Amino acid sequence: MTISPDDDYAAAEYALGTLDAAERAALAARRLREPELDEAIRAWEARLAPLAEAVPEIAPPRDLLPLIEARIRGAGQEAPVNAAIAALRRSVALWRTSAIAATILVAVLAIGFAGREASRRPVPHEYVAILQRDAASPAIEVTVNLDRRELTVRPVAAQAPPGKAYELWIIDAKLGAPRSLGLIGEKPRAANLSVFDPAVVRGATYAVTVEPPGGSPTGKPSGPPVFIGKLIPVEP
């Protein structure tokens, strides 16, 4: 189970410390009972940890406390104290600017990382379908290579009835009627798919019917499929 984009964004804000007190308390309570949210927060904290080292540590001026104490004692240090307070305000402003910059950097890095990972994700070119009847044993294997626009069909445990032959069909609404991909023999056989759109090849249903020895005389399936299946990608 994965969390929603809104919860992932809230987890990032929790890790950044930009939520107000009420929102932070509510999210802290949720993470105790929602393991996925807790994992998301921990993941964001791990991502942001290196950035914490890049933000400079800002400390108040060393002489600020003595000046404040002198003012309390009425030592007449009005101007120096004001100057010190102004310097502290500038430090706070610098810290806020650094925090905002870090937040923007996190967002840019996250977008860039997601884009990079998406671009690295390999596009499958090899597909396989195991044609079978219901949950029975695999009967026929169909493999497709989209680069070569080639299909290979291989019988696994299927034998056509005496005096009959198996014929392979590709079925998709965009094609209209089922299209024959040829007869299935005892040995693997290749078929060219260059006439079909790759998207149709990937999403089509592949079916086998029982036909006369030379194939369907009408160019259409003579009866209902005896084996059926769909392609799934083969991981590179």
# chains A, B, ... in the order shown; residues from 1 in each chain; ligands from 1
$ select_by_dssp --residues "segment 112-193 of chain A" --states "helix (DSSP H, G or I)" --output "PDB file with C-alpha atoms, in the first residue's frame"
ATOM      1  CA  GLY A 112      15.163  15.967 -11.006  1.00  0.00           C
ATOM      2  CA  PHE A 113      15.556  12.593  -9.284  1.00  0.00           C
ATOM      3  CA  ALA A 114      12.078  11.491 -10.345  1.00  0.00           C
ATOM      4  CA  GLY A 115      12.736  12.576 -13.925  1.00  0.00           C
ATOM      5  CA  ARG A 116      16.104  10.854 -13.987  1.00  0.00           C
ATOM      6  CA  GLU A 117      14.679   7.608 -12.628  1.00  0.00           C
ATOM      7  CA  ALA A 118      11.832   7.740 -15.145  1.00  0.00           C
ATOM      8  CA  SER A 119      14.308   8.252 -17.980  1.00  0.00           C
ATOM      9  CA  ARG A 120      16.424   5.351 -16.716  1.00  0.00           C
ATOM     10  CA  ALA A 173     -11.161  -4.067 -30.998  1.00  0.00           C
ATOM     11  CA  LYS A 174      -8.989  -1.833 -33.200  1.00  0.00           C
ATOM     12  CA  LEU A 175      -8.539  -4.697 -35.660  1.00  0.00           C
TER      13      LEU A 175
END
$ select_by_dssp --residues "segment 124-177 of chain A" --states "strand (DSSP E or B)" --output "PDB file with C-alpha atoms, in the first residue's frame"
ATOM      1  CA  GLU A 126      10.273  -8.543 -25.100  1.00  0.00           C
ATOM      2  CA  TYR A 127       6.867  -9.938 -24.182  1.00  0.00           C
ATOM      3  CA  VAL A 128       5.501 -13.388 -23.456  1.00  0.00           C
ATOM      4  CA  ALA A 129       2.031 -14.912 -23.229  1.00  0.00           C
ATOM      5  CA  ILE A 130       1.169 -18.354 -21.908  1.00  0.00           C
ATOM      6  CA  LEU A 131      -1.996 -19.543 -23.596  1.00  0.00           C
ATOM      7  CA  GLN A 132      -4.082 -21.952 -21.558  1.00  0.00           C
ATOM      8  CA  ILE A 140       1.162 -22.792 -25.854  1.00  0.00           C
ATOM      9  CA  GLU A 141       3.821 -20.107 -25.425  1.00  0.00           C
ATOM     10  CA  VAL A 142       3.834 -16.913 -27.472  1.00  0.00           C
ATOM     11  CA  THR A 143       6.818 -14.557 -27.384  1.00  0.00           C
ATOM     12  CA  VAL A 144       7.034 -11.164 -29.067  1.00  0.00           C
ATOM     13  CA  ASN A 145      10.034  -8.988 -29.878  1.00  0.00           C
ATOM     14  CA  GLU A 150       8.379 -10.751 -34.648  1.00  0.00           C
ATOM     15  CA  LEU A 151       6.207 -13.300 -32.877  1.00  0.00           C
ATOM     16  CA  THR A 152       7.258 -16.837 -32.043  1.00  0.00           C
ATOM     17  CA  VAL A 153       4.721 -19.481 -31.096  1.00  0.00           C
ATOM     18  CA  ARG A 154       5.763 -22.734 -29.421  1.00  0.00           C
ATOM     19  CA  PRO A 155       3.567 -25.588 -28.220  1.00  0.00           C
ATOM     20  CA  ALA A 165      -4.881 -28.211 -36.441  1.00  0.00           C
ATOM     21  CA  TYR A 166      -4.419 -25.361 -34.020  1.00  0.00           C
ATOM     22  CA  GLU A 167      -4.547 -21.819 -35.440  1.00  0.00           C
ATOM     23  CA  LEU A 168      -3.333 -18.695 -33.635  1.00  0.00           C
ATOM     24  CA  TRP A 169      -5.309 -15.433 -33.709  1.00  0.00           C
ATOM     25  CA  ILE A 170      -4.682 -11.882 -32.578  1.00  0.00           C
ATOM     26  CA  ILE A 171      -7.809 -10.210 -31.202  1.00  0.00           C
TER      27      ILE A 171
END
$ closest_residue --among "A:Gly17, A:Pro212, A:Pro162, A:Gly229" --to "Asp134 of chain A" --atoms "only C-alpha atoms"
A:Gly229
$ closest_residue --among "A:Asp7, A:Glu186, A:Asp172, A:Asp20" --to "Arg202 of chain A" --atoms "only C-alpha atoms"
A:Asp172
$ closest_residue --among "A:Ala12, A:Ala191, A:Ile184, A:Ala160" --to "Arg148 of chain A" --atoms "only C-alpha atoms"
A:Ala191
$ closest_residue --among "A:Leu16, A:Ala190, A:Leu181, A:Leu32" --to "Lys220 of chain A" --atoms "only C-alpha atoms"
A:Leu181
$ residues_around --residues "segment 35-49 of chain A" --least-positions-apart "2" --cutoff "7 Å" --atoms "only C-alpha atoms" --output "list of chain:residue names"
A:Thr2, A:Ile3, A:Asp8, A:Ala11, A:Ala12, A:Ala15, A:Arg31, A:Arg33, A:Leu51, A:Ala52
$ closest_residue --among "A:Pro178, A:Pro188, A:Lys164, A:Ala139" --to "Ile228 of chain A" --atoms "only C-alpha atoms"
A:Ala139
$ closest_residue --among "A:Tyr14, A:Tyr9, A:Ala177, A:Pro138" --to "Ala28 of chain A" --atoms "only C-alpha atoms"
A:Tyr14
$ atom_distance --atom1 "atom CA of Tyr206 of chain A" --atom2 "atom CA of Leu183 of chain A"
13.1 Å
